[in-house]
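One file, run27.pdb, is given below (PDB, C-alpha atoms and all ligand atoms).
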ATOM      1  CA  MET A   1      10.174  35.439  -1.904  1.00  0.00           C
ATOM      2  CA  GLN A   2      10.164  31.684  -1.593  1.00  0.00           C
ATOM      3  CA  ALA A   3      12.262  29.636  -4.014  1.00  0.00           C
ATOM      4  CA  THR A   4      10.476  26.896  -5.910  1.00  0.00           C
ATOM      5  CA  ALA A   5      12.250  23.606  -5.467  1.00  0.00           C
ATOM      6  CA  VAL A   6      12.557  21.196  -8.371  1.00  0.00           C
ATOM      7  CA  LEU A   7      11.394  17.945  -6.904  1.00  0.00           C
ATOM      8  CA  GLY A   8      12.764  14.605  -7.970  1.00  0.00           C
ATOM      9  CA  PRO A   9      11.583  11.126  -7.088  1.00  0.00           C
ATOM     10  CA  SER A  10      11.122  10.370  -3.419  1.00  0.00           C
ATOM     11  CA  SER A  11      11.930   7.125  -1.687  1.00  0.00           C
ATOM     12  CA  VAL A  12       8.891   5.204  -0.471  1.00  0.00           C
ATOM     13  CA  CYS A  13       9.295   2.405   2.066  1.00  0.00           C
ATOM     14  CA  VAL A  14       6.560  -0.075   3.001  1.00  0.00           C
ATOM     15  CA  VAL A  15       7.271  -0.857   6.643  1.00  0.00           C
ATOM     16  CA  GLN A  16       5.685  -4.341   6.781  1.00  0.00           C
ATOM     17  CA  THR A  17       7.556  -5.728   3.774  1.00  0.00           C
ATOM     18  CA  GLY A  18      10.675  -3.554   3.700  1.00  0.00           C
ATOM     19  CA  GLU A  19       9.935  -2.849   0.029  1.00  0.00           C
ATOM     20  CA  THR A  20      11.457   0.467  -1.081  1.00  0.00           C
ATOM     21  CA  TYR A  21      10.933   2.206  -4.397  1.00  0.00           C
ATOM     22  CA  ALA A  22      11.283   5.638  -6.001  1.00  0.00           C
ATOM     23  CA  CYS A  23       8.081   7.568  -6.645  1.00  0.00           C
ATOM     24  CA  SER A  24       7.828  10.764  -8.703  1.00  0.00           C
ATOM     25  CA  PRO A  25       6.152  13.787  -7.114  1.00  0.00           C
ATOM     26  CA  GLY A  26       3.444  13.728  -9.790  1.00  0.00           C
ATOM     27  CA  GLU A  27       2.389  10.113  -9.365  1.00  0.00           C
ATOM     28  CA  SER A  28       0.535   8.453  -6.550  1.00  0.00           C
ATOM     29  CA  LEU A  29       2.281   6.167  -4.088  1.00  0.00           C
ATOM     30  CA  LEU A  30       0.362   3.270  -5.631  1.00  0.00           C
ATOM     31  CA  ARG A  31       1.099   4.169  -9.288  1.00  0.00           C
ATOM     32  CA  GLY A  32       4.782   4.526  -8.492  1.00  0.00           C
ATOM     33  CA  MET A  33       4.815   1.051  -6.998  1.00  0.00           C
ATOM     34  CA  LEU A  34       2.896  -0.435  -9.936  1.00  0.00           C
ATOM     35  CA  ARG A  35       5.071   1.298 -12.562  1.00  0.00           C
ATOM     36  CA  LEU A  36       8.112  -0.455 -11.134  1.00  0.00           C
ATOM     37  CA  GLY A  37       6.336  -3.786 -10.797  1.00  0.00           C
ATOM     38  CA  ARG A  38       6.762  -3.681  -7.049  1.00  0.00           C
ATOM     39  CA  LYS A  39       4.469  -5.101  -4.390  1.00  0.00           C
ATOM     40  CA  GLY A  40       3.582  -4.259  -0.828  1.00  0.00           C
ATOM     41  CA  ILE A  41       0.502  -2.038  -0.997  1.00  0.00           C
ATOM     42  CA  PRO A  42      -2.732  -3.866  -1.901  1.00  0.00           C
ATOM     43  CA  VAL A  43      -4.032  -2.765  -5.321  1.00  0.00           C
ATOM     44  CA  GLY A  44      -7.690  -2.313  -6.150  1.00  0.00           C
ATOM     45  CA  CYS A  45      -9.453   0.272  -8.295  1.00  0.00           C
ATOM     46  CA  VAL A  46      -6.470   2.709  -8.345  1.00  0.00           C
ATOM     47  CA  ASN A  47      -9.015   5.512  -8.349  1.00  0.00           C
ATOM     48  CA  GLY A  48      -9.936   6.176  -4.734  1.00  0.00           C
ATOM     49  CA  GLY A  49     -13.096   4.096  -4.739  1.00  0.00           C
ATOM     50  CA  CYS A  50     -12.423   0.795  -3.003  1.00  0.00           C
ATOM     51  CA  GLY A  51     -10.180   1.631  -0.047  1.00  0.00           C
ATOM     52  CA  VAL A  52      -7.921  -1.432  -0.272  1.00  0.00           C
ATOM     53  CA  CYS A  53      -4.818   0.748  -0.657  1.00  0.00           C
ATOM     54  CA  LYS A  54      -5.337   2.425   2.711  1.00  0.00           C
ATOM     55  CA  VAL A  55      -2.040   3.252   4.368  1.00  0.00           C
ATOM     56  CA  ARG A  56      -0.759   5.243   7.317  1.00  0.00           C
ATOM     57  CA  ILE A  57       2.070   7.675   6.655  1.00  0.00           C
ATOM     58  CA  VAL A  58       4.580   6.948   9.423  1.00  0.00           C
ATOM     59  CA  GLU A  59       7.292   9.362   8.272  1.00  0.00           C
ATOM     60  CA  GLY A  60       7.528  11.968   5.548  1.00  0.00           C
ATOM     61  CA  CYS A  61       4.946  14.027   3.757  1.00  0.00           C
ATOM     62  CA  VAL A  62       2.472  13.558   0.917  1.00  0.00           C
ATOM     63  CA  ARG A  63       0.173  15.810  -1.070  1.00  0.00           C
ATOM     64  CA  ALA A  64      -3.339  15.003  -2.240  1.00  0.00           C
ATOM     65  CA  LEU A  65      -3.862  14.275  -5.932  1.00  0.00           C
ATOM     66  CA  GLY A  66      -7.620  14.125  -5.505  1.00  0.00           C
ATOM     67  CA  PRO A  67     -10.294  13.761  -2.872  1.00  0.00           C
ATOM     68  CA  VAL A  68     -10.006  10.911  -0.378  1.00  0.00           C
ATOM     69  CA  SER A  69     -13.314   9.152   0.206  1.00  0.00           C
ATOM     70  CA  ARG A  70     -14.688   9.583   3.722  1.00  0.00           C
ATOM     71  CA  ALA A  71     -16.181   6.125   3.310  1.00  0.00           C
ATOM     72  CA  HIS A  72     -12.626   4.787   3.582  1.00  0.00           C
ATOM     73  CA  VAL A  73     -10.685   7.422   5.557  1.00  0.00           C
ATOM     74  CA  SER A  74     -12.471   9.427   8.262  1.00  0.00           C
ATOM     75  CA  LEU A  75     -11.375  12.923   9.251  1.00  0.00           C
ATOM     76  CA  ASP A  76     -10.032  11.486  12.505  1.00  0.00           C
ATOM     77  CA  GLU A  77      -8.034   8.833  10.637  1.00  0.00           C
ATOM     78  CA  GLU A  78      -6.715  11.424   8.210  1.00  0.00           C
ATOM     79  CA  ALA A  79      -5.504  13.514  11.158  1.00  0.00           C
ATOM     80  CA  ARG A  80      -3.609  10.420  12.365  1.00  0.00           C
ATOM     81  CA  GLY A  81      -1.854   9.954   9.019  1.00  0.00           C
ATOM     82  CA  TYR A  82      -4.195   7.535   7.229  1.00  0.00           C
ATOM     83  CA  THR A  83      -4.850   8.049   3.540  1.00  0.00           C
ATOM     84  CA  LEU A  84      -5.302   6.162   0.269  1.00  0.00           C
ATOM     85  CA  ALA A  85      -2.052   5.370  -1.553  1.00  0.00           C
ATOM     86  CA  CYS A  86      -3.733   5.887  -4.935  1.00  0.00           C
ATOM     87  CA  ARG A  87      -4.743   9.455  -4.033  1.00  0.00           C
ATOM     88  CA  VAL A  88      -1.535  10.969  -2.676  1.00  0.00           C
ATOM     89  CA  ALA A  89       1.962  11.660  -4.023  1.00  0.00           C
ATOM     90  CA  PRO A  90       5.153  11.998  -1.996  1.00  0.00           C
ATOM     91  CA  THR A  91       6.733  15.404  -1.447  1.00  0.00           C
ATOM     92  CA  GLU A  92       9.677  13.851   0.397  1.00  0.00           C
ATOM     93  CA  ALA A  93      10.883  10.424   1.486  1.00  0.00           C
ATOM     94  CA  VAL A  94       7.987   8.462   2.972  1.00  0.00           C
ATOM     95  CA  ARG A  95       7.645   5.452   5.214  1.00  0.00           C
ATOM     96  CA  LEU A  96       4.169   3.950   5.325  1.00  0.00           C
ATOM     97  CA  GLU A  97       2.254   1.086   6.888  1.00  0.00           C
ATOM     98  CA  VAL A  98      -0.387  -0.832   4.966  1.00  0.00           C
ATOM     99  CA  ALA A  99      -3.619  -0.362   6.888  1.00  0.00           C
ATOM    100  CA  GLY A 100      -6.358  -1.511   4.499  1.00  0.00           C
ATOM    101  CA  ARG A 101      -8.691  -4.399   5.051  1.00  0.00           C
ATOM    102  CA  LEU A 102      -6.531  -6.691   2.953  1.00  0.00           C
ATOM    103  CA  ASN A 103      -3.679  -6.310   5.427  1.00  0.00           C
ATOM    104  CA  LYS A 104      -4.042  -9.764   6.948  1.00  0.00           C
ATOM    105  CA  PRO A 105      -0.621 -11.200   7.630  1.00  0.00           C
ATOM    106  CA  PHE A 106      -1.881 -14.772   7.746  1.00  0.00           C
ATOM    107  CA  SER A 107      -4.147 -14.621   4.705  1.00  0.00           C
ATOM    108  CA  VAL A 108      -1.451 -16.234   2.556  1.00  0.00           C
ATOM    109  CA  ALA A 109      -1.584 -19.401   4.616  1.00  0.00           C
ATOM    110  CA  ARG A 110      -5.356 -19.550   4.287  1.00  0.00           C
ATOM    111  CA  ALA A 111      -5.152 -19.044   0.534  1.00  0.00           C
ATOM    112  CA  THR A 112      -2.970 -22.095   0.076  1.00  0.00           C
ATOM    113  CA  VAL A 113      -4.627 -24.536  -2.264  1.00  0.00           C
ATOM    114  CA  ALA A 114      -4.812 -28.096  -1.099  1.00  0.00           C
ATOM    115  CA  PRO A 115      -3.044 -30.547  -3.391  1.00  0.00           C
ATOM    116  CA  ALA A 116      -5.280 -32.514  -5.748  1.00  0.00           C
ATOM    117  CA  HIS A 117      -3.825 -35.718  -4.407  1.00  0.00           C
ATOM    118  CA  PRO A 118      -2.941 -35.372  -0.749  1.00  0.00           C
ATOM    119  CA  PRO A 119       0.252 -37.080   0.274  1.00  0.00           C
ATOM    120  CA  THR A 120      -0.345 -40.694   1.058  1.00  0.00           C
ATOM    121  CA  THR A 121       0.287 -41.961   4.499  1.00  0.00           C
ATOM    122  CA  GLN A 122       1.320 -45.460   5.150  1.00  0.00           C
ATOM    123  CA  THR A 123      -0.853 -47.370   7.486  1.00  0.00           C
ATOM    124  CA  LYS A 124      -0.213 -50.754   8.904  1.00  0.00           C
ATOM    125  CA  GLU A 125      -2.787 -53.230   7.859  1.00  0.00           C
ATOM    126  CA  THR A 126      -3.296 -56.058  10.156  1.00  0.00           C
TER
HETATM  127  S1  LIG B   1      -6.883   1.207  -5.052  1.00  0.00           S
HETATM  128 FE1  LIG B   1      -8.999   1.555  -4.670  1.00  0.00          FE
HETATM  129  S2  LIG B   1      -8.992   3.238  -3.311  1.00  0.00           S
HETATM  130 FE2  LIG B   1      -6.896   3.017  -3.838  1.00  0.00          FE
END

Can the structure in the file be given as structure tokens, please?
Amino acid sequence: MQATAVLGPSSVCVVQTGETYACSPGESLLRGMLRLGRKGIPVGCVNGGCGVCKVRIVEGCVRALGPVSRAHVSLDEEARGYTLACRVAPTEAVRLEVAGRLNKPFSVARATVAPAHPPTTQTKET
């Protein structure tokens, strides 16, 4: 007979940002992050429909909370550890990489808004 373990929160680490938070076994990786007001995994529909929360589980184990759309994670990708953070919960400590289409490390620089009044430059008038 196998003993049933009482599971507590598991540590979740986002490799790219170093963000670490505790996630309960009954909540998705994304909900756990949102509940604590943390950042690191892109947030979209939180219901498995948009695919922006796509991650790759680098270490640890997760369990499915619902179906993962094949439009966002193929069987081959799933076999390599890819899943949707809003559709899986940790069963042990997890390290993950953000893999969704919003994972563009230089997008912040492109999103910078130009100042309304650009800094003036002094020019010599002759
Ligand atoms: S947030 Fe939309 S699929 Fe996870």

Proximity check chain A to ligand LIG 1 (chain B), 9 Å, nearest pairs one decimal Å, all atoms listed in the file, as a Markdown table:
| residue | atom | partner | partner_atom | distance |
| --- | --- | --- | --- | --- |
| A:Leu30 | CA | B:LIG1 | FE2 | 7.5 |
| A:Pro42 | CA | B:LIG1 | S1 | 7.3 |
| A:Val43 | CA | B:LIG1 | S1 | 4.9 |
| A:Gly44 | CA | B:LIG1 | S1 | 3.8 |
| A:Cys45 | CA | B:LIG1 | FE1 | 3.9 |
| A:Val46 | CA | B:LIG1 | S1 | 3.6 |
| A:Asn47 | CA | B:LIG1 | FE1 | 5.4 |
| A:Gly48 | CA | B:LIG1 | S2 | 3.4 |
| A:Gly49 | CA | B:LIG1 | S2 | 4.4 |
| A:Cys50 | CA | B:LIG1 | FE1 | 3.9 |
| A:Gly51 | CA | B:LIG1 | S2 | 3.8 |
| A:Val52 | CA | B:LIG1 | FE1 | 5.4 |
| A:Cys53 | CA | B:LIG1 | FE2 | 4.4 |
| A:Lys54 | CA | B:LIG1 | FE2 | 6.8 |
| A:Val68 | CA | B:LIG1 | S2 | 8.3 |
| A:Ser69 | CA | B:LIG1 | S2 | 8.1 |
| A:His72 | CA | B:LIG1 | S2 | 7.9 |
| A:Leu84 | CA | B:LIG1 | FE2 | 5.4 |
| A:Ala85 | CA | B:LIG1 | FE2 | 5.8 |
| A:Cys86 | CA | B:LIG1 | FE2 | 4.4 |
| A:Arg87 | CA | B:LIG1 | FE2 | 6.8 |

Include C-alpha atoms and write out the residues we just selected as a PDB file, in the coordinates of the input.
ATOM      1  CA  LEU A  30       0.362   3.270  -5.631  1.00  0.00           C
ATOM      2  CA  PRO A  42      -2.732  -3.866  -1.901  1.00  0.00           C
ATOM      3  CA  VAL A  43      -4.032  -2.765  -5.321  1.00  0.00           C
ATOM      4  CA  GLY A  44      -7.690  -2.313  -6.150  1.00  0.00           C
ATOM      5  CA  CYS A  45      -9.453   0.272  -8.295  1.00  0.00           C
ATOM      6  CA  VAL A  46      -6.470   2.709  -8.345  1.00  0.00           C
ATOM      7  CA  ASN A  47      -9.015   5.512  -8.349  1.00  0.00           C
ATOM      8  CA  GLY A  48      -9.936   6.176  -4.734  1.00  0.00           C
ATOM      9  CA  GLY A  49     -13.096   4.096  -4.739  1.00  0.00           C
ATOM     10  CA  CYS A  50     -12.423   0.795  -3.003  1.00  0.00           C
ATOM     11  CA  GLY A  51     -10.180   1.631  -0.047  1.00  0.00           C
ATOM     12  CA  VAL A  52      -7.921  -1.432  -0.272  1.00  0.00           C
ATOM     13  CA  CYS A  53      -4.818   0.748  -0.657  1.00  0.00           C
ATOM     14  CA  LYS A  54      -5.337   2.425   2.711  1.00  0.00           C
ATOM     15  CA  VAL A  68     -10.006  10.911  -0.378  1.00  0.00           C
ATOM     16  CA  SER A  69     -13.314   9.152   0.206  1.00  0.00           C
ATOM     17  CA  HIS A  72     -12.626   4.787   3.582  1.00  0.00           C
ATOM     18  CA  LEU A  84      -5.302   6.162   0.269  1.00  0.00           C
ATOM     19  CA  ALA A  85      -2.052   5.370  -1.553  1.00  0.00           C
ATOM     20  CA  CYS A  86      -3.733   5.887  -4.935  1.00  0.00           C
ATOM     21  CA  ARG A  87      -4.743   9.455  -4.033  1.00  0.00           C
TER      22      ARG A  87
END

Atomic distance atom CA of A:Pro90 - atom CA of A:Gly26, expressed in Å with one decimal | 8.2 Å

Result set of the PyMOL selection byres (((chain A and resi 29) around 12) and not hetatm) on the coordinates above, as a PyMOL selection string = chain A and resi 9-14+20-28+30-36+38-43+46+53-57+61-65+83-96+98

Suppose you want the space between atom CA of A:Gly37 and atom CA of A:Gln16; what is it in Å?
->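 Interatomic distance, atom CA of A:Gly37 to atom CA of A:Gln16: 17.6 Å.
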
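One finds atom CA of A:Arg80 at 25.6 Å from atom CA of A:Leu7.
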
Around stretch 23-33 of chain A, with edges along x, y and z and 3 Å added on all six sides, what centre and edge lengths do you get, in Å to one decimal, as JSON?
{"center_x": 4.2, "center_y": 7.4, "center_z": -6.9, "size_x": 13.7, "size_y": 18.7, "size_z": 11.7}
